[in-house]
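**Q** Sharing start.pdb (PDB, C-alpha atoms) below.
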ATOM      1  CA  MET P   1       0.000   0.000   0.000
ATOM      2  CA  ASP P   2       2.904   2.367   0.679
ATOM      3  CA  ASN P   3       3.946   2.333  -2.974
ATOM      4  CA  GLU P   4       0.425   2.692  -4.353
ATOM      5  CA  LYS P   5      -0.694   6.100  -5.531
ATOM      6  CA  LEU P   6      -4.059   7.381  -4.453
ATOM      7  CA  TYR P   7      -6.422   7.767  -7.383
ATOM      8  CA  GLU P   8      -6.804  11.515  -6.813
ATOM      9  CA  ASP P   9      -3.001  11.925  -7.000
ATOM     10  CA  MET P  10      -2.720  10.194 -10.367
ATOM     11  CA  LYS P  11      -2.156  11.860 -13.720
ATOM     12  CA  PRO P  12      -5.002  11.603 -16.272
ATOM     13  CA  LYS P  13      -3.411   8.708 -18.186
ATOM     14  CA  GLU P  14      -2.953   6.754 -14.944
ATOM     15  CA  LYS P  15      -6.584   7.417 -13.999
ATOM     16  CA  PHE P  16      -7.645   6.328 -17.493
ATOM     17  CA  GLU P  17      -5.763   3.039 -17.018
ATOM     18  CA  VAL P  18      -7.481   2.415 -13.668
ATOM     19  CA  LEU P  19     -10.912   3.154 -15.155
ATOM     20  CA  TRP P  20     -10.117   1.037 -18.244
ATOM     21  CA  ALA P  21      -9.479  -1.969 -15.988
ATOM     22  CA  GLU P  22     -12.463  -1.191 -13.747
ATOM     23  CA  SER P  23     -14.832  -1.036 -16.738
ATOM     24  CA  GLY P  24     -13.779  -4.487 -17.917
ATOM     25  CA  LEU P  25     -12.442  -3.157 -21.216
ATOM     26  CA  ALA P  26      -8.979  -4.522 -20.446
ATOM     27  CA  ASP P  27     -10.364  -8.067 -20.297
ATOM     28  CA  ARG P  28     -12.074  -8.032 -23.694
ATOM     29  CA  PRO P  29     -10.606  -9.797 -26.706
ATOM     30  CA  GLY P  30      -8.751  -7.218 -28.794
ATOM     31  CA  ALA P  31      -8.359  -4.745 -25.919
ATOM     32  CA  GLU P  32      -4.577  -4.813 -26.008
ATOM     33  CA  ASN P  33      -4.618  -4.014 -29.745
ATOM     34  CA  LEU P  34      -7.109  -1.176 -29.163
ATOM     35  CA  TRP P  35      -4.904   0.209 -26.379
ATOM     36  CA  GLN P  36      -1.813   0.040 -28.607
ATOM     37  CA  GLN P  37      -3.702   1.833 -31.385
ATOM     38  CA  MET P  38      -4.843   4.543 -28.963
ATOM     39  CA  VAL P  39      -1.225   5.074 -27.913
ATOM     40  CA  ALA P  40       0.011   5.048 -31.520
ATOM     41  CA  LEU P  41      -2.597   7.609 -32.614
ATOM     42  CA  GLY P  42      -1.796   9.908 -29.702
ATOM     43  CA  PHE P  43      -4.987   9.570 -27.664
ATOM     44  CA  PHE P  44      -3.098  10.462 -24.490
ATOM     45  CA  GLU P  45      -1.375  13.506 -26.027
ATOM     46  CA  LYS P  46      -4.059  15.115 -28.237
ATOM     47  CA  PRO P  47      -6.433  17.893 -27.118
ATOM     48  CA  ALA P  48     -10.167  17.312 -26.703
ATOM     49  CA  SER P  49     -10.939  20.497 -28.622
ATOM     50  CA  ILE P  50      -9.201  23.519 -30.054
ATOM     51  CA  LYS P  51     -11.194  26.407 -28.586
ATOM     52  CA  HIS P  52     -13.283  24.866 -25.836
ATOM     53  CA  HIS P  53     -12.890  22.229 -23.112
ATOM     54  CA  SER P  54      -9.536  20.526 -22.468
ATOM     55  CA  ASN P  55      -7.937  22.415 -25.350
ATOM     56  CA  HIS P  56      -4.374  21.460 -24.485
ATOM     57  CA  PRO P  57      -2.044  18.503 -25.090
ATOM     58  CA  GLY P  58      -3.379  15.523 -23.149
ATOM     59  CA  GLY P  59      -6.846  17.067 -23.026
ATOM     60  CA  LEU P  60      -8.590  14.199 -24.827
ATOM     61  CA  CYS P  61      -7.534  11.734 -22.153
ATOM     62  CA  GLU P  62      -8.262  14.257 -19.391
ATOM     63  CA  HIS P  63     -11.745  14.938 -20.809
ATOM     64  CA  SER P  64     -12.506  11.216 -21.108
ATOM     65  CA  VAL P  65     -11.545  10.734 -17.453
ATOM     66  CA  CYS P  66     -13.681  13.720 -16.385
ATOM     67  CA  VAL P  67     -16.666  12.320 -18.291
ATOM     68  CA  ALA P  68     -16.134   8.876 -16.766
ATOM     69  CA  GLU P  69     -15.938  10.331 -13.255
ATOM     70  CA  ALA P  70     -19.069  12.430 -13.791
ATOM     71  CA  ALA P  71     -20.910   9.399 -15.187
ATOM     72  CA  MET P  72     -19.942   7.251 -12.199
ATOM     73  CA  GLU P  73     -21.131   9.994  -9.834
ATOM     74  CA  LEU P  74     -24.473  10.095 -11.670
ATOM     75  CA  CYS P  75     -24.743   6.296 -11.451
ATOM     76  CA  ARG P  76     -24.098   6.461  -7.696
ATOM     77  CA  THR P  77     -26.397   9.362  -6.861
ATOM     78  CA  ASN P  78     -29.217   9.757  -9.399
ATOM     79  CA  HIS P  79     -32.294   7.577  -8.979
ATOM     80  CA  VAL P  80     -32.649   7.012 -12.738
ATOM     81  CA  PHE P  81     -28.987   6.300 -13.420
ATOM     82  CA  LYS P  82     -28.592   3.925 -10.456
ATOM     83  CA  LYS P  83     -30.372   1.435 -12.733
ATOM     84  CA  CYS P  84     -27.746   1.815 -15.479
ATOM     85  CA  HIS P  85     -25.233  -0.896 -16.237
ATOM     86  CA  ARG P  86     -22.318   0.863 -14.554
ATOM     87  CA  ASN P  87     -19.426  -0.840 -16.365
ATOM     88  CA  GLU P  88     -21.043  -0.219 -19.722
ATOM     89  CA  VAL P  89     -21.507   3.472 -18.902
ATOM     90  CA  LEU P  90     -17.877   3.610 -17.809
ATOM     91  CA  ALA P  91     -16.620   1.897 -20.982
ATOM     92  CA  ALA P  92     -18.736   4.219 -23.151
ATOM     93  CA  ALA P  93     -17.439   7.276 -21.291
ATOM     94  CA  LEU P  94     -13.832   6.261 -21.889
ATOM     95  CA  LEU P  95     -14.400   5.709 -25.621
ATOM     96  CA  HIS P  96     -17.061   8.329 -26.436
ATOM     97  CA  ASP P  97     -14.641  10.752 -28.143
ATOM     98  CA  TYR P  98     -12.134   8.195 -29.409
ATOM     99  CA  CYS P  99     -12.530   9.328 -33.020
ATOM    100  CA  LYS P 100     -11.225  12.777 -32.101
ATOM    101  CA  VAL P 101      -7.749  11.248 -32.030
ATOM    102  CA  GLY P 102      -7.719  11.557 -35.828
ATOM    103  CA  LYS P 103      -9.317  14.995 -36.053
ATOM    104  CA  TYR P 104      -6.701  17.181 -34.358
ATOM    105  CA  ARG P 105      -3.494  17.654 -36.280
ATOM    106  CA  ASP P 106      -0.380  19.175 -34.803
ATOM    107  CA  LYS P 107       0.622  22.247 -36.810
ATOM    108  CA  GLY P 108       4.210  21.809 -35.623
ATOM    109  CA  ASN P 109       4.245  24.892 -33.449
ATOM    110  CA  GLY P 110       2.444  23.491 -30.411
ATOM    111  CA  GLU P 111      -0.960  24.378 -31.871
ATOM    112  CA  TYR P 112      -3.526  22.048 -33.397
ATOM    113  CA  GLU P 113      -5.917  22.356 -36.284
ATOM    114  CA  TYR P 114      -9.220  20.522 -36.608
ATOM    115  CA  PHE P 115     -10.020  18.385 -39.617
ATOM    116  CA  ASP P 116     -13.277  16.529 -40.143
ATOM    117  CA  ALA P 117     -14.432  15.096 -43.451
ATOM    118  CA  GLY P 118     -17.982  15.161 -42.074
ATOM    119  CA  MET P 119     -18.959  11.706 -43.268
ATOM    120  CA  VAL P 120     -20.213  10.467 -39.892
ATOM    121  CA  GLY P 121     -20.798  12.111 -36.550
ATOM    122  CA  HIS P 122     -18.153  11.684 -33.914
ATOM    123  CA  GLY P 123     -20.344   9.329 -31.882
ATOM    124  CA  GLU P 124     -20.626   7.002 -34.836
ATOM    125  CA  GLY P 125     -16.953   7.483 -35.658
ATOM    126  CA  SER P 126     -15.908   6.480 -32.160
ATOM    127  CA  VAL P 127     -18.058   3.342 -32.302
ATOM    128  CA  ILE P 128     -16.641   2.374 -35.699
ATOM    129  CA  MET P 129     -13.037   2.920 -34.628
ATOM    130  CA  ALA P 130     -13.379   1.040 -31.330
ATOM    131  CA  GLN P 131     -15.169  -1.898 -32.936
ATOM    132  CA  GLN P 132     -12.263  -2.463 -35.276
ATOM    133  CA  TYR P 133     -10.577  -3.951 -32.180
ATOM    134  CA  ILE P 134     -13.197  -4.881 -29.573
ATOM    135  CA  LYS P 135     -16.865  -5.790 -29.474
ATOM    136  CA  LEU P 136     -19.025  -3.158 -27.800
ATOM    137  CA  THR P 137     -22.342  -3.994 -26.160
ATOM    138  CA  ALA P 138     -25.596  -2.564 -27.518
ATOM    139  CA  ARG P 139     -25.800  -0.187 -24.533
ATOM    140  CA  GLU P 140     -22.251   1.038 -25.142
ATOM    141  CA  ILE P 141     -22.897   1.564 -28.853
ATOM    142  CA  VAL P 142     -26.082   3.517 -28.230
ATOM    143  CA  ALA P 143     -24.549   5.586 -25.419
ATOM    144  CA  ILE P 144     -21.517   6.524 -27.512
ATOM    145  CA  ARG P 145     -23.604   7.201 -30.621
ATOM    146  CA  TRP P 146     -26.051   9.460 -28.749
ATOM    147  CA  HIS P 147     -23.697  11.141 -26.275
ATOM    148  CA  MET P 148     -24.119  14.477 -28.056
ATOM    149  CA  GLY P 149     -27.834  14.501 -27.253
ATOM    150  CA  ALA P 150     -29.775  17.187 -29.099
ATOM    151  CA  TYR P 151     -26.499  18.752 -30.273
ATOM    152  CA  SER P 152     -26.287  16.141 -33.028
ATOM    153  CA  GLY P 153     -28.916  18.106 -34.962
ATOM    154  CA  SER P 154     -32.658  18.539 -35.290
ATOM    155  CA  GLN P 155     -32.873  15.527 -37.617
ATOM    156  CA  ASP P 156     -32.275  13.316 -34.552
ATOM    157  CA  TRP P 157     -34.641  14.918 -32.063
ATOM    158  CA  ASP P 158     -37.551  12.487 -32.519
ATOM    159  CA  THR P 159     -35.292   9.460 -32.171
ATOM    160  CA  LEU P 160     -33.391  10.881 -29.201
ATOM    161  CA  SER P 161     -36.389  10.693 -26.892
ATOM    162  CA  ALA P 162     -36.922   7.028 -27.731
ATOM    163  CA  VAL P 163     -33.214   6.338 -27.192
ATOM    164  CA  TYR P 164     -33.276   7.918 -23.725
ATOM    165  CA  ASP P 165     -36.438   5.987 -22.805
ATOM    166  CA  ARG P 166     -34.881   2.656 -23.758
ATOM    167  CA  TYR P 167     -31.227   3.283 -22.845
ATOM    168  CA  PRO P 168     -30.739   5.461 -19.750
ATOM    169  CA  GLU P 169     -26.998   4.836 -20.232
ATOM    170  CA  ALA P 170     -27.138   7.173 -23.261
ATOM    171  CA  MET P 171     -28.696   9.990 -21.252
ATOM    172  CA  CYS P 172     -26.257   9.393 -18.414
ATOM    173  CA  LEU P 173     -23.282   9.681 -20.778
ATOM    174  CA  HIS P 174     -24.734  12.811 -22.379
ATOM    175  CA  PHE P 175     -25.255  14.485 -18.991
ATOM    176  CA  ALA P 176     -21.784  13.431 -17.834
ATOM    177  CA  ASP P 177     -20.258  14.891 -21.013
ATOM    178  CA  MET P 178     -22.105  18.172 -20.444
ATOM    179  CA  ILE P 179     -21.066  18.295 -16.762
ATOM    180  CA  ALA P 180     -17.426  17.627 -17.636
ATOM    181  CA  THR P 181     -17.388  20.033 -20.574
ATOM    182  CA  HIS P 182     -19.209  22.967 -19.013
ATOM    183  CA  TYR P 183     -18.369  22.672 -15.319
ATOM    184  CA  ASP P 184     -15.398  20.418 -14.600
ATOM    185  CA  GLU P 185     -13.082  21.576 -17.396
ATOM    186  CA  VAL P 186     -12.031  25.163 -17.889
ATOM    187  CA  PRO P 187     -10.769  26.323 -21.317
ATOM    188  CA  LEU P 188      -7.209  27.602 -21.284
TER
END
Would you mind giving the structure from this file in structure tokens?
**A**
Amino acid sequence: MDNEKLYEDMKPKEKFEVLWAESGLADRPGAENLWQQMVALGFFEKPASIKHHSNHPGGLCEHSVCVAEAAMELCRTNHVFKKCHRNEVLAAALLHDYCKVGKYRDKGNGEYEYFDAGMVGHGEGSVIMAQQYIKLTAREIVAIRWHMGAYSGSQDWDTLSAVYDRYPEAMCLHFADMIATHYDEVPL
């Protein structure tokens, strides 16, 4: 115990590793390959955004940890989210913005630029990228896909209500993302 770090004293990548194991992702077939790909693509070094939340190197990992922590707090304290499948919410929180790893390009001067071909939303993109290595559950897929809530566009509004009714994990992840983005993370 003397050599063990307390969770609150860990760096974001260390926290991510703890949460990765806790969620059960580490035990899934293909998880080691997914982890290696995340490292190779710079998941732990890239920003989560350019102008908004966690807009600094390492921000994508930091944001994912903040979302995961907010989601776990909601699962512990909110009467609706206590019914959620906790490990699936946690796994979805860790992977919800995975596709952003390919959207921020280093300009070579310490700044990043954003590139998005716009072919799929980033919820869908994260699901597609993760499932190249591991199998996600239906709850994880839906939560990641719908984590943007109504921000995905008015074309989704009718479906969103049905999603939230059937998969509270999706609403939990959306709320956790909003809490992390607007309250727990301060733009630099």
**Q** On this structure, the PyMOL selection byres ((chain P and resi 86-93) around 6) would catch which residues? List them as a PyMOL selection string, sorted by chain and number.
**A** chain P and resi 23+67-68+84-85+94-96+140+144+169
**Q** Tell me, in Å to one decimal, how far CA of Asn109 (chain P) is from CA of His63 (chain P).
**A** 22.7 Å
**Q** Please measure the separation of CA of Tyr183 (chain P) and CA of Val18 (chain P), giving the value in Å to one decimal.
**A** 23.1 Å
**Q** Name the residues captured by the PyMOL selection byres ((chain P and resi 119-132) around 9) when it is applied to the shown file; answer as a PDB file with C-alpha atoms, in the frame of the given file.
**A**
ATOM      1  CA  GLY P  30      -8.751  -7.218 -28.794  1.00  0.00           C
ATOM      2  CA  LEU P  34      -7.109  -1.176 -29.163  1.00  0.00           C
ATOM      3  CA  LEU P  95     -14.400   5.709 -25.621  1.00  0.00           C
ATOM      4  CA  HIS P  96     -17.061   8.329 -26.436  1.00  0.00           C
ATOM      5  CA  ASP P  97     -14.641  10.752 -28.143  1.00  0.00           C
ATOM      6  CA  TYR P  98     -12.134   8.195 -29.409  1.00  0.00           C
ATOM      7  CA  CYS P  99     -12.530   9.328 -33.020  1.00  0.00           C
ATOM      8  CA  LYS P 100     -11.225  12.777 -32.101  1.00  0.00           C
ATOM      9  CA  ASP P 116     -13.277  16.529 -40.143  1.00  0.00           C
ATOM     10  CA  ALA P 117     -14.432  15.096 -43.451  1.00  0.00           C
ATOM     11  CA  GLY P 118     -17.982  15.161 -42.074  1.00  0.00           C
ATOM     12  CA  TYR P 133     -10.577  -3.951 -32.180  1.00  0.00           C
ATOM     13  CA  ILE P 134     -13.197  -4.881 -29.573  1.00  0.00           C
ATOM     14  CA  LYS P 135     -16.865  -5.790 -29.474  1.00  0.00           C
ATOM     15  CA  LEU P 136     -19.025  -3.158 -27.800  1.00  0.00           C
ATOM     16  CA  GLU P 140     -22.251   1.038 -25.142  1.00  0.00           C
ATOM     17  CA  ILE P 141     -22.897   1.564 -28.853  1.00  0.00           C
ATOM     18  CA  VAL P 142     -26.082   3.517 -28.230  1.00  0.00           C
ATOM     19  CA  ALA P 143     -24.549   5.586 -25.419  1.00  0.00           C
ATOM     20  CA  ILE P 144     -21.517   6.524 -27.512  1.00  0.00           C
ATOM     21  CA  ARG P 145     -23.604   7.201 -30.621  1.00  0.00           C
ATOM     22  CA  TRP P 146     -26.051   9.460 -28.749  1.00  0.00           C
ATOM     23  CA  HIS P 147     -23.697  11.141 -26.275  1.00  0.00           C
ATOM     24  CA  MET P 148     -24.119  14.477 -28.056  1.00  0.00           C
ATOM     25  CA  SER P 152     -26.287  16.141 -33.028  1.00  0.00           C
TER      26      SER P 152
END
**Q** Calculate how many Å separate CA of Asp9 (chain P) from CA of Asp106 (chain P), rounding to one decimal.
**A**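 About the pair CA of Asp9 (chain P) and CA of Asp106 (chain P): they are 28.9 Å apart.
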**Q** Pick from P:Val80, P:Lys11, P:Thr159, P:Glu73: nearest to Gly59 (chain P), with all atoms listed in the file counted?
**A**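 The closest residue to Gly59 (chain P) is P:Lys11.
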**Q** Measuring between only C-alpha atoms, which one of P:Pro29, P:Pro12, P:Gly102, P:Gly108 shows the shortest distance to Gly58 (chain P)?
**A**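 Ranking P:Pro29, P:Pro12, P:Gly102, P:Gly108 by distance to Gly58 (chain P), first place goes to P:Pro12.
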**Q** With distances taken over only C-alpha atoms, which of P:Thr77, P:Ser64, P:Ser54, P:Ser161 is nearest to His182 (chain P)?
**A**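 Closest candidate: P:Ser54.
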**Q** Hey, which of P:Leu6, P:Val101, P:Ala70, P:Ala170 ends up closest to Ser49 (chain P)? Count all atoms listed in the file.
**A**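 Residue with the minimum atom-to-atom distance to Ser49 (chain P): P:Val101.
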**Q** I need the residue set behind the PyMOL selection byres ((chain P and resi 114) around 9) for this file; please write it as a ChimeraX atom specification.
**A** /P:49-50,103-105,112-113,115-116
**Q** Would you mind exporting region 20-75 of chain P with C-alpha atoms, as a compact mmCIF listing (two decimals), in the first residue's frame?
**A**
# COMPACT_ATOMS: atom_id res chain seq x y z
CA TRP P 20 -10.12 1.04 -18.24
CA ALA P 21 -9.48 -1.97 -15.99
CA GLU P 22 -12.46 -1.19 -13.75
CA SER P 23 -14.83 -1.04 -16.74
CA GLY P 24 -13.78 -4.49 -17.92
CA LEU P 25 -12.44 -3.16 -21.22
CA ALA P 26 -8.98 -4.52 -20.45
CA ASP P 27 -10.36 -8.07 -20.30
CA ARG P 28 -12.07 -8.03 -23.69
CA PRO P 29 -10.61 -9.80 -26.71
CA GLY P 30 -8.75 -7.22 -28.79
CA ALA P 31 -8.36 -4.74 -25.92
CA GLU P 32 -4.58 -4.81 -26.01
CA ASN P 33 -4.62 -4.01 -29.75
CA LEU P 34 -7.11 -1.18 -29.16
CA TRP P 35 -4.90 0.21 -26.38
CA GLN P 36 -1.81 0.04 -28.61
CA GLN P 37 -3.70 1.83 -31.38
CA MET P 38 -4.84 4.54 -28.96
CA VAL P 39 -1.22 5.07 -27.91
CA ALA P 40 0.01 5.05 -31.52
CA LEU P 41 -2.60 7.61 -32.61
CA GLY P 42 -1.80 9.91 -29.70
CA PHE P 43 -4.99 9.57 -27.66
CA PHE P 44 -3.10 10.46 -24.49
CA GLU P 45 -1.37 13.51 -26.03
CA LYS P 46 -4.06 15.11 -28.24
CA PRO P 47 -6.43 17.89 -27.12
CA ALA P 48 -10.17 17.31 -26.70
CA SER P 49 -10.94 20.50 -28.62
CA ILE P 50 -9.20 23.52 -30.05
CA LYS P 51 -11.19 26.41 -28.59
CA HIS P 52 -13.28 24.87 -25.84
CA HIS P 53 -12.89 22.23 -23.11
CA SER P 54 -9.54 20.53 -22.47
CA ASN P 55 -7.94 22.41 -25.35
CA HIS P 56 -4.37 21.46 -24.48
CA PRO P 57 -2.04 18.50 -25.09
CA GLY P 58 -3.38 15.52 -23.15
CA GLY P 59 -6.85 17.07 -23.03
CA LEU P 60 -8.59 14.20 -24.83
CA CYS P 61 -7.53 11.73 -22.15
CA GLU P 62 -8.26 14.26 -19.39
CA HIS P 63 -11.74 14.94 -20.81
CA SER P 64 -12.51 11.22 -21.11
CA VAL P 65 -11.55 10.73 -17.45
CA CYS P 66 -13.68 13.72 -16.38
CA VAL P 67 -16.67 12.32 -18.29
CA ALA P 68 -16.13 8.88 -16.77
CA GLU P 69 -15.94 10.33 -13.25
CA ALA P 70 -19.07 12.43 -13.79
CA ALA P 71 -20.91 9.40 -15.19
CA MET P 72 -19.94 7.25 -12.20
CA GLU P 73 -21.13 9.99 -9.83
CA LEU P 74 -24.47 10.09 -11.67
CA CYS P 75 -24.74 6.30 -11.45
